[in-house]
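structure10.txt follows; it contains compact mmCIF, C-alpha atoms and all ligand atoms.
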```
# COMPACT_ATOMS: atom_id res chain seq x y z
CA MET A 20 67.12 23.60 -4.52
CA THR A 21 67.21 26.44 -7.00
CA ASP A 22 66.24 25.57 -10.55
CA PRO A 23 69.49 25.96 -12.59
CA GLN A 24 67.71 28.39 -14.93
CA ASP A 25 66.99 30.65 -11.91
CA GLU A 26 70.65 30.89 -10.91
CA LEU A 27 71.54 34.55 -10.50
CA ASP A 28 74.94 35.63 -11.79
CA LEU A 29 76.07 38.34 -9.37
CA ALA A 30 79.10 38.99 -11.57
CA ALA A 31 76.77 40.34 -14.26
CA ASP A 32 76.29 44.13 -14.29
CA ALA A 33 73.31 45.60 -12.39
CA ALA A 34 71.25 46.19 -15.55
CA SER A 35 71.57 42.56 -16.72
CA LEU A 36 70.83 41.45 -13.18
CA THR A 37 67.67 43.61 -13.19
CA VAL A 38 66.49 41.75 -16.29
CA ALA A 39 67.26 38.36 -14.71
CA LEU A 40 65.38 39.31 -11.51
CA CYS A 41 62.34 40.59 -13.42
CA ASP A 42 62.18 37.48 -15.59
CA ILE A 43 61.68 35.37 -12.45
CA GLU A 44 58.05 36.37 -11.83
CA SER A 45 57.31 37.19 -8.20
CA VAL A 46 53.84 38.66 -7.86
CA SER A 47 52.99 39.13 -4.14
CA GLY A 48 52.33 35.75 -2.54
CA ARG A 49 54.43 33.92 -5.14
CA GLU A 50 57.90 35.17 -4.21
CA THR A 51 59.36 31.78 -3.19
CA ARG A 52 61.09 31.05 -6.50
CA LEU A 53 62.83 34.43 -6.51
CA ALA A 54 63.57 34.31 -2.76
CA ASP A 55 65.19 30.88 -3.30
CA ALA A 56 67.34 32.29 -6.11
CA VAL A 57 68.42 35.30 -4.02
CA ASP A 58 69.05 33.09 -0.99
CA ALA A 59 71.21 30.64 -2.99
CA ALA A 60 73.21 33.43 -4.65
CA LEU A 61 73.94 35.12 -1.31
CA ARG A 62 74.86 31.88 0.49
CA ALA A 63 77.59 31.42 -2.12
CA VAL A 64 79.20 34.72 -1.01
CA PRO A 65 81.78 33.85 1.67
CA HIS A 66 81.78 37.19 3.54
CA LEU A 67 78.01 37.18 4.25
CA THR A 68 75.86 35.56 6.94
CA VAL A 69 72.41 34.73 5.54
CA ASP A 70 69.10 34.28 7.42
CA ARG A 71 65.72 33.37 6.01
CA ASP A 72 62.17 33.87 7.32
CA GLY A 73 59.43 32.80 4.91
CA ASP A 74 60.31 34.54 1.66
CA THR A 75 62.41 37.22 3.32
CA VAL A 76 66.19 36.86 2.99
CA VAL A 77 68.56 38.86 5.21
CA ALA A 78 72.31 38.89 4.56
CA ARG A 79 74.88 40.77 6.60
CA THR A 80 78.54 41.53 6.98
CA ASP A 81 79.93 41.14 10.51
CA LEU A 82 83.14 43.12 10.59
CA GLY A 83 82.64 44.82 13.95
CA ARG A 84 82.39 48.29 12.36
CA ASP A 85 81.22 51.27 14.47
CA GLU A 86 78.11 51.73 12.34
CA ARG A 87 75.65 49.38 10.70
CA VAL A 88 73.37 50.37 7.83
CA VAL A 89 70.51 48.51 6.18
CA LEU A 90 69.85 48.39 2.45
CA ALA A 91 66.32 47.07 1.96
CA GLY A 92 64.11 46.16 -0.97
CA HIS A 93 61.00 44.10 -1.63
CA LEU A 94 61.06 41.08 -3.94
CA ASP A 95 57.39 41.12 -4.96
CA THR A 96 55.65 42.98 -7.75
CA VAL A 97 52.10 43.90 -8.66
CA PRO A 98 50.38 41.46 -11.08
CA VAL A 99 52.16 41.12 -14.42
CA GLY A 100 50.43 43.10 -17.19
CA GLY A 101 51.60 41.10 -20.22
CA ASN A 102 54.93 42.92 -19.80
CA LEU A 103 57.35 40.05 -19.17
CA PRO A 104 59.91 38.87 -20.12
CA CYS A 105 61.78 42.17 -20.11
CA ARG A 106 62.58 44.02 -23.29
CA VAL A 107 65.77 46.11 -23.44
CA GLU A 108 65.77 48.98 -25.90
CA GLY A 109 68.02 52.01 -26.17
CA GLY A 110 69.28 52.14 -22.59
CA ARG A 111 65.87 51.34 -21.13
CA ILE A 112 64.57 48.10 -19.63
CA HIS A 113 60.82 47.58 -20.04
CA GLY A 114 58.86 45.14 -17.90
CA CYS A 115 57.01 44.41 -14.69
CA GLY A 116 59.15 45.14 -11.63
CA THR A 117 61.87 47.06 -13.45
CA THR A 118 61.29 50.34 -11.59
CA ASP A 119 59.38 48.93 -8.57
CA MET A 120 61.78 47.66 -7.55
CA LYS A 121 64.04 44.99 -8.96
CA SER A 122 66.53 47.52 -10.31
CA GLY A 123 67.05 48.50 -6.65
CA VAL A 124 67.28 44.83 -5.67
CA ALA A 125 69.89 44.30 -8.40
CA VAL A 126 72.00 47.12 -6.91
CA GLN A 127 71.64 45.57 -3.44
CA LEU A 128 72.80 42.18 -4.74
CA ARG A 129 75.78 43.67 -6.57
CA LEU A 130 76.92 45.48 -3.42
CA ALA A 131 76.29 42.41 -1.25
CA ALA A 132 78.49 40.28 -3.49
CA HIS A 133 81.27 42.73 -4.31
CA LEU A 134 81.94 44.73 -1.13
CA PRO A 135 83.73 42.25 1.14
CA ALA A 136 85.08 44.98 3.47
CA PRO A 137 82.67 47.95 3.57
CA ASN A 138 83.49 50.89 5.86
CA ARG A 139 80.18 50.31 7.71
CA ASP A 140 78.65 46.92 8.42
CA VAL A 141 75.78 46.35 6.02
CA THR A 142 72.56 44.35 6.39
CA PHE A 143 70.86 43.54 3.09
CA VAL A 144 67.13 42.87 3.46
CA PHE A 145 65.05 41.33 0.64
CA TYR A 146 61.44 40.98 1.73
CA ASP A 147 58.08 39.65 0.54
CA HIS A 148 54.53 41.01 0.38
CA GLU A 149 55.11 44.76 0.08
CA GLU A 150 52.52 45.38 -2.64
CA VAL A 151 49.58 44.00 -0.61
CA GLU A 152 47.81 44.48 2.75
CA ALA A 153 50.11 45.83 5.45
CA ASP A 154 49.55 42.86 7.80
CA LYS A 155 51.22 40.50 5.29
CA ASN A 156 54.31 42.69 4.87
CA GLY A 157 57.53 40.66 5.22
CA LEU A 158 59.44 43.57 6.72
CA GLY A 159 56.74 43.98 9.36
CA ARG A 160 56.91 40.25 10.13
CA VAL A 161 60.70 40.33 10.55
CA ALA A 162 60.45 43.48 12.70
CA ARG A 163 58.04 41.55 14.94
CA ASP A 164 59.73 38.12 15.00
CA HIS A 165 63.43 38.96 14.57
CA PRO A 166 63.90 42.65 15.43
CA ASP A 167 67.63 41.99 15.97
CA TRP A 168 68.00 41.27 12.22
CA LEU A 169 67.09 44.90 11.51
CA THR A 170 69.23 46.59 14.18
CA ALA A 171 71.10 49.47 12.51
CA ASP A 172 72.03 53.15 12.73
CA PHE A 173 70.45 54.07 9.41
CA ALA A 174 68.50 52.43 6.59
CA VAL A 175 68.10 53.03 2.88
CA LEU A 176 64.94 51.65 1.30
CA MET A 177 65.63 51.25 -2.39
CA GLU A 178 62.15 52.13 -3.66
CA PRO A 179 62.13 54.18 -6.89
CA THR A 180 63.01 57.87 -6.34
CA ASN A 181 64.81 58.77 -9.60
CA ALA A 182 68.10 58.42 -7.71
CA THR A 183 67.40 61.28 -5.30
CA VAL A 184 67.08 60.96 -1.53
CA GLU A 185 63.52 61.17 -0.24
CA GLY A 186 63.65 61.53 3.50
CA GLY A 187 61.27 60.06 6.06
CA CYS A 188 57.55 59.95 5.34
CA GLN A 189 54.40 61.57 6.68
CA GLY A 190 52.06 59.79 9.05
CA THR A 191 48.42 59.16 8.30
CA LEU A 192 45.34 59.15 10.53
CA ARG A 193 41.73 58.41 9.69
CA ALA A 194 38.84 59.51 11.85
CA ASP A 195 35.07 59.68 11.74
CA VAL A 196 33.18 62.66 13.06
CA VAL A 197 29.83 61.31 14.18
CA LEU A 198 26.96 63.81 14.25
CA SER A 199 23.69 62.88 15.78
CA GLY A 200 20.25 64.40 15.56
CA HIS A 201 16.71 63.32 16.08
CA ARG A 202 14.62 61.52 13.46
CA ALA A 203 11.31 63.03 12.37
CA HIS A 204 8.96 63.08 9.41
CA SER A 205 10.24 65.71 7.00
CA ALA A 206 6.72 67.14 6.81
CA ARG A 207 7.10 68.03 10.50
CA SER A 208 10.81 68.79 10.49
CA TRP A 209 10.53 71.07 13.55
CA MET A 210 9.92 67.90 15.55
CA GLY A 211 13.44 66.60 14.70
CA SER A 212 17.03 67.71 14.61
CA ASN A 213 18.98 67.35 11.35
CA ALA A 214 22.34 65.57 11.71
CA VAL A 215 23.35 66.33 8.09
CA HIS A 216 22.92 70.06 8.72
CA ALA A 217 25.16 69.69 11.76
CA ALA A 218 27.97 68.62 9.39
CA GLY A 219 28.03 72.20 8.06
CA GLU A 220 30.05 73.45 11.00
CA VAL A 221 32.50 70.50 10.69
CA LEU A 222 33.10 71.31 7.03
CA ARG A 223 33.43 75.01 7.76
CA ARG A 224 36.16 74.35 10.36
CA LEU A 225 37.99 71.98 8.02
CA SER A 226 37.98 74.48 5.16
CA ALA A 227 39.13 77.27 7.46
CA TYR A 228 41.96 75.16 8.93
CA GLN A 229 45.43 76.12 7.69
CA PRO A 230 47.51 72.94 7.57
CA GLU A 231 51.00 73.20 9.00
CA GLN A 232 54.25 73.07 7.07
CA VAL A 233 56.94 71.52 9.21
CA THR A 234 60.64 71.69 8.37
CA ILE A 235 62.81 68.87 9.69
CA ASP A 236 66.47 68.41 8.69
CA GLY A 237 65.90 70.96 5.91
CA LEU A 238 62.93 69.09 4.40
CA THR A 239 59.51 70.74 4.43
CA TYR A 240 56.57 68.43 5.03
CA ARG A 241 53.17 69.80 3.97
CA GLU A 242 50.38 68.49 6.13
CA GLY A 243 46.77 68.09 5.06
CA LEU A 244 43.55 67.65 7.04
CA ASN A 245 40.64 66.82 4.77
CA ALA A 246 37.16 65.39 4.70
CA VAL A 247 37.37 62.37 2.42
CA GLY A 248 33.82 61.12 2.73
CA ILE A 249 30.39 61.92 4.12
CA THR A 250 27.42 59.66 4.75
CA GLY A 251 23.99 60.37 6.16
CA GLY A 252 20.32 60.20 5.37
CA VAL A 253 17.64 57.59 5.93
CA ALA A 254 14.97 58.21 3.31
CA GLY A 255 13.56 61.00 1.19
CA ASN A 256 10.96 61.88 3.81
CA VAL A 257 12.96 61.50 7.03
CA ILE A 258 15.01 64.07 8.92
CA PRO A 259 18.32 62.18 9.37
CA ASP A 260 19.46 61.40 12.90
CA GLU A 261 23.03 60.51 11.96
CA CYS A 262 25.74 61.85 9.68
CA VAL A 263 29.37 60.75 9.55
CA VAL A 264 32.15 62.87 8.09
CA SER A 265 35.29 60.80 7.41
CA LEU A 266 38.63 62.56 7.69
CA ASN A 267 42.19 61.84 6.66
CA TYR A 268 45.01 63.73 8.31
CA ARG A 269 48.48 63.48 6.78
CA PHE A 270 50.87 64.71 9.42
CA ALA A 271 54.53 65.62 9.60
CA PRO A 272 56.81 62.94 11.07
CA SER A 273 57.66 65.17 14.05
CA LYS A 274 54.22 64.32 15.49
CA ASP A 275 53.32 60.93 16.92
CA GLU A 276 49.89 59.37 16.45
CA ASP A 277 48.54 60.77 19.74
CA GLU A 278 49.65 64.29 18.88
CA ALA A 279 48.05 63.93 15.46
CA ALA A 280 44.77 62.84 17.07
CA ASP A 281 44.98 65.86 19.40
CA VAL A 282 45.24 68.21 16.41
CA VAL A 283 42.08 66.74 14.89
CA ARG A 284 40.24 66.91 18.23
CA ARG A 285 41.32 70.53 18.75
CA VAL A 286 40.13 71.60 15.30
CA LEU A 287 36.83 69.80 15.88
CA ASP A 288 36.44 70.65 19.54
CA GLY A 289 32.93 69.90 20.74
CA PHE A 290 32.32 67.17 18.14
CA ASP A 291 32.38 63.39 18.59
CA VAL A 292 35.67 62.49 16.86
CA ARG A 293 36.51 58.76 16.61
CA VAL A 294 39.97 57.80 15.35
CA THR A 295 39.57 54.67 13.20
CA ASP A 296 43.12 54.03 12.04
CA SER A 297 46.55 55.61 12.13
CA ALA A 298 50.15 54.94 11.19
CA PRO A 299 53.11 57.00 12.35
CA GLY A 300 55.40 58.82 9.95
CA ALA A 301 59.16 58.47 9.87
CA LEU A 302 61.74 61.12 10.69
CA PRO A 303 64.22 61.69 7.88
CA GLY A 304 67.15 61.42 10.29
CA LEU A 305 69.36 63.33 7.86
CA SER A 306 71.40 64.78 10.72
CA HIS A 307 72.76 61.33 11.58
CA PRO A 308 76.41 61.15 10.39
CA ALA A 309 75.78 58.10 8.18
CA ALA A 310 72.78 59.83 6.59
CA ALA A 311 74.60 63.14 6.11
CA ALA A 312 77.51 61.32 4.44
CA PHE A 313 75.03 59.52 2.22
CA VAL A 314 73.23 62.71 1.15
CA ALA A 315 76.60 64.35 0.40
CA MET A 316 77.61 61.37 -1.73
CA VAL A 317 74.33 61.48 -3.72
CA GLY A 318 75.04 65.15 -4.40
CA ARG A 319 71.41 66.15 -5.03
CA GLU A 320 69.00 68.13 -2.90
CA PRO A 321 66.99 65.66 -0.78
CA ALA A 322 63.19 65.88 -0.92
CA PRO A 323 60.51 65.01 1.64
CA LYS A 324 58.35 61.93 1.14
CA PHE A 325 54.67 62.80 1.51
CA GLY A 326 53.17 59.32 1.15
CA TRP A 327 53.52 56.48 3.65
CA THR A 328 56.29 53.94 2.92
CA ASP A 329 58.06 51.13 4.73
CA VAL A 330 60.69 53.60 6.01
CA ALA A 331 58.15 54.11 8.81
CA ARG A 332 58.73 50.50 9.91
CA PHE A 333 62.41 51.24 10.37
CA SER A 334 61.59 54.46 12.14
CA SER A 335 59.35 52.60 14.61
CA LEU A 336 62.37 50.40 15.40
CA GLY A 337 64.39 53.55 16.09
CA VAL A 338 66.29 53.38 12.78
CA PRO A 339 66.14 56.58 10.71
CA ALA A 340 65.53 55.73 7.06
CA VAL A 341 65.34 57.29 3.61
CA ASN A 342 64.08 56.19 0.21
CA TYR A 343 66.66 56.08 -2.56
CA GLY A 344 66.46 53.98 -5.71
CA PRO A 345 67.11 54.04 -9.45
CA GLY A 346 63.55 53.75 -10.78
CA ASP A 347 60.99 56.42 -11.67
CA PRO A 348 58.05 56.18 -9.25
CA MET A 349 55.67 57.64 -11.86
CA VAL A 350 55.80 54.48 -14.01
CA ALA A 351 55.48 52.00 -11.12
CA HIS A 352 52.50 49.60 -11.36
CA GLN A 353 51.87 50.46 -15.03
CA ARG A 354 51.90 48.12 -18.01
CA GLU A 355 54.43 50.52 -19.54
CA GLU A 356 56.72 50.20 -16.50
CA TYR A 357 60.39 50.67 -17.37
CA CYS A 358 63.70 51.64 -15.78
CA ASP A 359 66.59 53.42 -17.45
CA VAL A 360 69.96 51.73 -17.25
CA ALA A 361 71.96 54.89 -16.38
CA PRO A 362 70.43 55.53 -12.92
CA ILE A 363 70.86 51.85 -12.02
CA HIS A 364 74.62 52.21 -12.50
CA GLU A 365 74.58 55.62 -10.80
CA CYS A 366 72.90 54.22 -7.67
CA GLU A 367 75.37 51.38 -7.50
CA ARG A 368 78.29 53.79 -7.89
CA VAL A 369 76.98 56.18 -5.20
CA LEU A 370 76.26 53.44 -2.68
CA ARG A 371 79.58 51.77 -3.35
CA ALA A 372 81.41 55.10 -2.78
CA TRP A 373 79.43 55.68 0.44
CA LEU A 374 80.32 52.21 1.73
CA THR A 375 83.99 52.32 0.73
ZN ZN L 1 57.82 49.27 -4.28
```

Once more with this new file: its structure as C-alpha cells, please.
Amino acid sequence: MTDPQDELDLAADAASLTVALCDIESVSGRETRLADAVDAALRAVPHLTVDRDGDTVVARTDLGRDERVVLAGHLDTVPVGGNLPCRVEGGRIHGCGTTDMKSGVAVQLRLAAHLPAPNRDVTFVFYDHEEVEADKNGLGRVARDHPDWLTADFAVLMEPTNATVEGGCQGTLRADVVLSGHRAHSARSWMGSNAVHAAGEVLRRLSAYQPEQVTIDGLTYREGLNAVGITGGVAGNVIPDECVVSLNYRFAPSKDEDEAADVVRRVLDGFDVRVTDSAPGALPGLSHPAAAAFVAMVGREPAPKFGWTDVARFSSLGVPAVNYGPGDPMVAHQREEYCDVAPIHECERVLRAWLT
C-alpha cells in the first residue's frame, strides 16, 4: 500500500513531478517507498502492463507495433546532502536527485501516462541501485532474470546530458603488468636484478603509444591507454624482485573485451600482462532507423560518451542505446545539485514528438 502522501499525480507537469519524486527520498538501498509510489501510479494507467522485480518497475504498451523502444531511468540517488526537500527558484529546481536523475524519471512517467497509442511500443524501466557497486544494479538483475522485459530495438537512458544525445559508451579494461627480478642486498646490487628498473621499458612504451580515435556513426571516440598505478620495493636496502604497473585502457565500443586485451598485449609484447577486470563499451547504434529518427527530432549534434554507463547493459543484450536527459551532468552528486525546468519540458516535448 502506498502512503497517501506518496501518491504521484501524473497529471501534474514534469517539473512539479520532479519535485514530488525528489521529495520521496530514495538513496540507493532505500528505493522501496519510491518504487511503490511509481508502481501504484503506473498500475492506475489502463493502457500499461506493469511488472515488478525487487525495486525495479517495468511498464509497457503492447500495441503490436513494428518497433519497440525502451526509456530507462534509475530511481536511486547518492546520499542526501542536506538538500531536500526541493527548493524551486527562478526556473530552477534545487535538490538531491533533480539532475541525476528524477527529472528524467518525471519525463518517463509523463510519457507513460499520457501516450496511450505511441507510434512505437514503449517499455518504461525504473530501476534500483545504479549509484552503487555494479553487482547490485537493478538493470543488471533484470537483464539476468527477465531478459525478455528488456527486449527492444533501441533504448534511451535518461541520465543527465543537457538534453543532447550522447551515443554509446567506451569500454574499460584494467590490467597489471608484473615485472620480476631477483632480490639482493643493495650493497651488492650486481648479485640481483631490479624489477623496478624493468618498469622503465613499460612506461616508455606506454608514453610512446598513440591512442586511437575511432569514428562510429559520426561520433569520434578517443581511446586512452595509461598507467594508473605502480607498486614495487621491499626495503631501503633490498633490490626489489617485483614491480607491478597497473593500467587502464578506455577503448572504443567497436572493440570487444578480447580485442582490447590484444591491444594491450601487443603494446607490451614480451611482458607478463594480466587482465584484472574489463567491461565492454556500447555501440551508439545511431544508424538504426529509430535512433536516426530520434537524433533528428532532438535537432542537436550528438556527442560520444567517454565514460562507462548502463547503456552498455543494453548493448550487451543486443539493444543499441543512447543517453539523453534533461539534467546537467556537471552538477550531479553535488550538494548544489539542481535542474532547470526548461530542459525538462524540452525533453518531454522531443520524446513525445518522436513517439507520436
Ligand atoms: Zn544517474

List every protein, DNA or RNA residue that has an atom no more than 9 Å from (56.6, 60.5, -1.0) in the file's coordinate frame, counting all atoms listed in the file, and report them as a PDB file with C-alpha atoms, keeping the file's coordinate frame.
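point-v6.pdb was written with the following content:
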```pdb
ATOM      1  CA  THR A 180      63.010  57.870  -6.340  1.00  0.00           C
ATOM      2  CA  GLU A 185      63.520  61.170  -0.240  1.00  0.00           C
ATOM      3  CA  GLY A 186      63.650  61.530   3.500  1.00  0.00           C
ATOM      4  CA  GLY A 187      61.270  60.060   6.060  1.00  0.00           C
ATOM      5  CA  CYS A 188      57.550  59.950   5.340  1.00  0.00           C
ATOM      6  CA  GLN A 189      54.400  61.570   6.680  1.00  0.00           C
ATOM      7  CA  ALA A 322      63.190  65.880  -0.920  1.00  0.00           C
ATOM      8  CA  PRO A 323      60.510  65.010   1.640  1.00  0.00           C
ATOM      9  CA  LYS A 324      58.350  61.930   1.140  1.00  0.00           C
ATOM     10  CA  PHE A 325      54.670  62.800   1.510  1.00  0.00           C
ATOM     11  CA  GLY A 326      53.170  59.320   1.150  1.00  0.00           C
ATOM     12  CA  TRP A 327      53.520  56.480   3.650  1.00  0.00           C
ATOM     13  CA  THR A 328      56.290  53.940   2.920  1.00  0.00           C
ATOM     14  CA  ASN A 342      64.080  56.190   0.210  1.00  0.00           C
TER      15      ASN A 342
END
```

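For the choices A:Glu365, A:Asp329, A:Asp277, A:Glu220, the atom-to-atom distance to ligand ZN 1 (chain L) is smallest for A:Asp329 when using only C-alpha atoms and all ligand atoms.
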
_At a cut-off of 12 Å around the point (43.6, 57.8, 16.1) (file coordinates), what residues fall inside when counting all atoms listed in the file? I'd like the answer as a ChimeraX atom specification._
/A:190-196,266-269,275-284,292-299

Same residues, C-alpha atoms, output as a PDB file, keeping the file's coordinate frame:
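Done, and the output landed in out_35.pdb:
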```
ATOM      1  CA  GLY A 190      52.060  59.790   9.050  1.00  0.00           C
ATOM      2  CA  THR A 191      48.420  59.160   8.300  1.00  0.00           C
ATOM      3  CA  LEU A 192      45.340  59.150  10.530  1.00  0.00           C
ATOM      4  CA  ARG A 193      41.730  58.410   9.690  1.00  0.00           C
ATOM      5  CA  ALA A 194      38.840  59.510  11.850  1.00  0.00           C
ATOM      6  CA  ASP A 195      35.070  59.680  11.740  1.00  0.00           C
ATOM      7  CA  VAL A 196      33.180  62.660  13.060  1.00  0.00           C
ATOM      8  CA  LEU A 266      38.630  62.560   7.690  1.00  0.00           C
ATOM      9  CA  ASN A 267      42.190  61.840   6.660  1.00  0.00           C
ATOM     10  CA  TYR A 268      45.010  63.730   8.310  1.00  0.00           C
ATOM     11  CA  ARG A 269      48.480  63.480   6.780  1.00  0.00           C
ATOM     12  CA  ASP A 275      53.320  60.930  16.920  1.00  0.00           C
ATOM     13  CA  GLU A 276      49.890  59.370  16.450  1.00  0.00           C
ATOM     14  CA  ASP A 277      48.540  60.770  19.740  1.00  0.00           C
ATOM     15  CA  GLU A 278      49.650  64.290  18.880  1.00  0.00           C
ATOM     16  CA  ALA A 279      48.050  63.930  15.460  1.00  0.00           C
ATOM     17  CA  ALA A 280      44.770  62.840  17.070  1.00  0.00           C
ATOM     18  CA  ASP A 281      44.980  65.860  19.400  1.00  0.00           C
ATOM     19  CA  VAL A 282      45.240  68.210  16.410  1.00  0.00           C
ATOM     20  CA  VAL A 283      42.080  66.740  14.890  1.00  0.00           C
ATOM     21  CA  ARG A 284      40.240  66.910  18.230  1.00  0.00           C
ATOM     22  CA  VAL A 292      35.670  62.490  16.860  1.00  0.00           C
ATOM     23  CA  ARG A 293      36.510  58.760  16.610  1.00  0.00           C
ATOM     24  CA  VAL A 294      39.970  57.800  15.350  1.00  0.00           C
ATOM     25  CA  THR A 295      39.570  54.670  13.200  1.00  0.00           C
ATOM     26  CA  ASP A 296      43.120  54.030  12.040  1.00  0.00           C
ATOM     27  CA  SER A 297      46.550  55.610  12.130  1.00  0.00           C
ATOM     28  CA  ALA A 298      50.150  54.940  11.190  1.00  0.00           C
ATOM     29  CA  PRO A 299      53.110  57.000  12.350  1.00  0.00           C
TER      30      PRO A 299
END
```

Give me, as CSV, each residue of chain A that comes within 8 Å of ligand ZN 1 (chain L), together with its shortest interatomic pair and the distance in Å at one decimal, counting all atoms listed in the file, with rows ordered by chain and rising residue number.
```
residue,atom,partner,partner_atom,distance
A:Gly92,CA,L:ZN1,ZN,7.8
A:His93,CA,L:ZN1,ZN,6.6
A:Thr96,CA,L:ZN1,ZN,7.5
A:Asp119,CA,L:ZN1,ZN,4.6
A:Met120,CA,L:ZN1,ZN,5.4
A:Glu149,CA,L:ZN1,ZN,6.8
A:Glu150,CA,L:ZN1,ZN,6.8
A:Glu178,CA,L:ZN1,ZN,5.2
A:Pro179,CA,L:ZN1,ZN,7.0
A:Ala351,CA,L:ZN1,ZN,7.7
```

Given the selection you just returned, output its residues as a file containing C-alpha atoms, formatted as a JSON list (two decimals), keeping the file's coordinate frame.
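As written to disk, result.json reads:
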```json
[["chain", "number", "residue", "atom", "x", "y", "z"],
["A", 92, "GLY", "CA", 64.11, 46.16, -0.97],
["A", 93, "HIS", "CA", 61.00, 44.10, -1.63],
["A", 96, "THR", "CA", 55.65, 42.98, -7.75],
["A", 119, "ASP", "CA", 59.38, 48.93, -8.57],
["A", 120, "MET", "CA", 61.78, 47.66, -7.55],
["A", 149, "GLU", "CA", 55.11, 44.76, 0.08],
["A", 150, "GLU", "CA", 52.52, 45.38, -2.64],
["A", 178, "GLU", "CA", 62.15, 52.13, -3.66],
["A", 179, "PRO", "CA", 62.13, 54.18, -6.89],
["A", 351, "ALA", "CA", 55.48, 52.00, -11.12]]
```

_I want to know what sits within 7 Å of A:Lys121, based on all atoms listed in the file, with residues of the same chain fewer than 4 positions away left out; could you give that as a PyMOL selection string?_
chain A and resi 37+40-41+116-117+125

If you take all atoms listed in the file and a cut-off of 10 Å, which residues of stretch 136-189 of chain A touch stretch 57-73 of chain A, and what are their nearest atom pairs and distances in Å to one decimal, in chain and number order, as CSV?
```
residue,atom,partner,partner_atom,distance
A:Ala136,CA,A:His66,CA,8.5
A:Val141,CA,A:Leu67,CA,9.6
A:Thr142,CA,A:Leu67,CA,9.3
A:Phe143,CA,A:Val69,CA,9.3
A:Val144,CA,A:Asp70,CA,9.7
A:Phe145,CA,A:Val57,CA,8.3
A:Tyr146,CA,A:Gly73,CA,9.0
A:Asp147,CA,A:Gly73,CA,8.2
A:Gly157,CA,A:Gly73,CA,8.1
A:Arg160,CA,A:Asp72,CA,8.7
A:Val161,CA,A:Asp72,CA,7.4
A:Asp164,CA,A:Asp72,CA,9.1
A:His165,CA,A:Asp72,CA,8.9
A:Trp168,CA,A:Asp70,CA,8.6
```

*Pick the closest to A:Ala132 from A:Ala31, A:Ile43, A:Val330, A:Ile235: which is it, counting all atoms listed in the file?*
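Under the stated criterion, the closest residue is A:Ala31.
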
*Which distance in Å separates atom CA of A:Asp55 and atom CA of A:Leu90, to one decimal?*
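These atoms are spaced 19.0 Å apart.
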
*Given only C-alpha atoms as the counted atoms, nearest of A:Trp209, A:Tyr357, A:Phe313, A:Phe290 to A:Arg106*: A:Tyr357

*Would you mind listing what lies within 8 Å of A:Thr183 as a ChimeraX atom specification, with all atoms listed in the file counted and same-chain residues fewer than 5 positions away left out?*
/A:317,319-322,343-344

Near A:Glu355, counting all atoms listed in the file, which residues have an atom at most 9 Å away, once you skip same-chain residues fewer than 5 positions from it, shown as an mmCIF file with C-alpha atoms, in the frame of the given file?
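What follows is the written file result.cif:
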```cif
data_model
loop_
_atom_site.group_PDB
_atom_site.id
_atom_site.type_symbol
_atom_site.label_atom_id
_atom_site.label_comp_id
_atom_site.auth_asym_id
_atom_site.auth_seq_id
_atom_site.Cartn_x
_atom_site.Cartn_y
_atom_site.Cartn_z
ATOM 1 C CA GLY A 100 50.430 43.100 -17.190
ATOM 2 C CA ASN A 102 54.930 42.920 -19.800
ATOM 3 C CA HIS A 113 60.820 47.580 -20.040
ATOM 4 C CA GLY A 114 58.860 45.140 -17.900
ATOM 5 C CA CYS A 115 57.010 44.410 -14.690
ATOM 6 C CA VAL A 350 55.800 54.480 -14.010
#
```

Could you model N, CA and C atoms for stretch 254-265 of chain A and present them as a PDB file, keeping the file's coordinate frame?
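The result, stored in result33.pdb:
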```pdb
ATOM      1  N   ALA A 254      15.952  58.322   4.398  1.00  0.00           N
ATOM      2  CA  ALA A 254      14.970  58.210   3.310  1.00  0.00           C
ATOM      3  C   ALA A 254      14.591  59.617   2.887  1.00  0.00           C
ATOM      4  N   GLY A 255      13.909  59.697   1.756  1.00  0.00           N
ATOM      5  CA  GLY A 255      13.560  61.000   1.190  1.00  0.00           C
ATOM      6  C   GLY A 255      12.563  61.798   2.010  1.00  0.00           C
ATOM      7  N   ASN A 256      11.975  61.161   3.022  1.00  0.00           N
ATOM      8  CA  ASN A 256      10.960  61.880   3.810  1.00  0.00           C
ATOM      9  C   ASN A 256      11.267  61.839   5.312  1.00  0.00           C
ATOM     10  N   VAL A 257      12.559  61.614   5.621  1.00  0.00           N
ATOM     11  CA  VAL A 257      12.960  61.500   7.030  1.00  0.00           C
ATOM     12  C   VAL A 257      14.070  62.493   7.341  1.00  0.00           C
ATOM     13  N   ILE A 258      13.919  63.215   8.425  1.00  0.00           N
ATOM     14  CA  ILE A 258      15.010  64.070   8.920  1.00  0.00           C
ATOM     15  C   ILE A 258      16.076  63.128   9.502  1.00  0.00           C
ATOM     16  N   PRO A 259      17.316  63.149   8.955  1.00  0.00           N
ATOM     17  CA  PRO A 259      18.320  62.180   9.370  1.00  0.00           C
ATOM     18  C   PRO A 259      18.802  62.413  10.803  1.00  0.00           C
ATOM     19  N   ASP A 260      18.990  61.283  11.514  1.00  0.00           N
ATOM     20  CA  ASP A 260      19.460  61.400  12.900  1.00  0.00           C
ATOM     21  C   ASP A 260      20.951  61.074  13.029  1.00  0.00           C
ATOM     22  N   GLU A 261      21.586  60.713  11.882  1.00  0.00           N
ATOM     23  CA  GLU A 261      23.030  60.510  11.960  1.00  0.00           C
ATOM     24  C   GLU A 261      23.706  60.936  10.674  1.00  0.00           C
ATOM     25  N   CYS A 262      24.905  61.498  10.826  1.00  0.00           N
ATOM     26  CA  CYS A 262      25.740  61.850   9.680  1.00  0.00           C
ATOM     27  C   CYS A 262      27.183  61.618  10.101  1.00  0.00           C
ATOM     28  N   VAL A 263      27.962  61.022   9.231  1.00  0.00           N
ATOM     29  CA  VAL A 263      29.370  60.750   9.550  1.00  0.00           C
ATOM     30  C   VAL A 263      30.249  61.419   8.501  1.00  0.00           C
ATOM     31  N   VAL A 264      31.157  62.263   8.975  1.00  0.00           N
ATOM     32  CA  VAL A 264      32.150  62.870   8.090  1.00  0.00           C
ATOM     33  C   VAL A 264      33.463  62.132   8.331  1.00  0.00           C
ATOM     34  N   SER A 265      34.023  61.513   7.263  1.00  0.00           N
ATOM     35  CA  SER A 265      35.290  60.800   7.410  1.00  0.00           C
ATOM     36  C   SER A 265      36.447  61.720   7.042  1.00  0.00           C
TER      37      SER A 265
END
```
